[in-house]
Amino acid sequence: MVVTQENVVVSDSSRRLPPQEIADVLRERIRSGLLKAGDRLPTQAELADEFGVERGTVRLALRELQEDGLLSNVSKGSPPRIAEVAPTRNGPQPTMVGLAPRLAEAFSVPHVRIDAACLTAETLMVALGEPVRQIHDGRIRPERIDVRILLPSREINLAFPISVEGRGDDDPVHERWLQQRNAQGHVLRHNLQSLRSSHGIDVHVTFRALPFTPPVKLYLLNGSEALIAYYMITRREETVESGVLDMYDALGSASLLFSFEKRAGGRDTAFVDESQKWFNALWETITTDLKLS
């Protein structure tokens, strides 16, 4: 799938992937249909060889998928199978798991409107692969797609990710975030705008820069649903070409995503309306044009 392949390009292939990122890649294969319910996963040895990590790292990634209910028949004797996952709207799910089906449903209307405020566009970029795939399969066909994305400005001192020692000149943690922000934004925009030539869909993707670090990620779908997840900050290390980055970072893809629907009435309606007003106010006032360099 285009999104998955380009997402791999964004990552630094010289570093060893942590368990969470391996789990995210496997989640994407399950979500995209490359791995279907009932299929067996490759062996731990095969996965370790594929990702260039130790088996212990693979085991931690599989444990995360098991805790999310994505694996069944987990035993020491054979690779686990992909579980039958009944869709649920009642409880929160990890953002990487829960966002894609909500986006696919949002894309079923003639005029799609998606607003997002987040630290990077990574999760949104991956999750949009589901509706894009359904468009290519002829299952849905919107006439117009408008996507507005708020991302932190490159000029601000981010609260996170940040080096444990604090930000200095030429901070490698900040540069890593900036490269990811720009690369993922380019991929997202390319994958949506390509629908113009392939399917004649009127597509508009616009970015604006926030003057602060968002403590949550917010997605607004067609003005009728709001999904929110808290960024969970953790200390972690990442190996890059220049060395080891010791940083405080957010685990965005694993954060629990809470859904509020306008049609539910009461507090849900108020939350969706106020979230949309908040987003619109930011878009029209203190944010600035953002160019992905």
# chains A, B, ... in the order shown; residues from 1 in each chain; ligands from 1

call {"tool": "select_by_dssp", "arguments": {"residues": "segment 45-236 of chain A", "states": "strand (DSSP E or B)", "output": "VMD selection string"}}
result
chain A and resid 71 to 72 81 to 82 93 to 94 111 to 117 144 to 152 162 to 163 202 to 210 216 to 221 225 to 230 233 to 236

call {"tool": "residues_around", "arguments": {"residues": "Pro19 of chain A", "least_positions_apart": "2", "cutoff": "8 Å", "atoms": "only C-alpha atoms", "output": "ChimeraX atom specification"}}
result
/A:17,21-23,57-58,60-61

call {"tool": "write_last_selection", "arguments": {"atoms": "C-alpha atoms", "output": "mmCIF file, in the first residue's frame"}}
result
data_model
loop_
_atom_site.group_PDB
_atom_site.id
_atom_site.type_symbol
_atom_site.label_atom_id
_atom_site.label_comp_id
_atom_site.auth_asym_id
_atom_site.auth_seq_id
_atom_site.Cartn_x
_atom_site.Cartn_y
_atom_site.Cartn_z
ATOM 1 C CA LEU A 17 13.176 -0.384 15.771
ATOM 2 C CA GLU A 21 7.158 0.638 16.197
ATOM 3 C CA ILE A 22 7.269 -3.042 15.213
ATOM 4 C CA ALA A 23 3.816 -3.449 16.760
ATOM 5 C CA THR A 57 12.101 -7.196 20.979
ATOM 6 C CA VAL A 58 9.680 -9.119 18.759
ATOM 7 C CA LEU A 60 7.482 -7.414 23.406
ATOM 8 C CA ALA A 61 5.826 -6.188 20.195
#

call {"tool": "residues_around", "arguments": {"residues": "Pro92 of chain A", "least_positions_apart": "2", "cutoff": "7 Å", "atoms": "only C-alpha atoms", "output": "PyMOL selection string"}}
result
chain A and resi 94+256-258

call {"tool": "closest_residue", "arguments": {"among": "A:Ala209, A:Leu34, A:Leu99, A:Leu292", "to": "Leu188 of chain A", "atoms": "only C-alpha atoms"}}
result
A:Leu292

call {"tool": "select_by_dssp", "arguments": {"residues": "segment 36-261 of chain A", "states": "alpha helix (DSSP H)", "output": "PyMOL selection string"}}
result
chain A and resi 44-51+55-67+95-106+122-127+129-136+172-199

call {"tool": "atom_distance", "arguments": {"atom1": "atom CA of Ile145 of chain A", "atom2": "atom CA of Arg102 of chain A"}}
result
15.3 Å
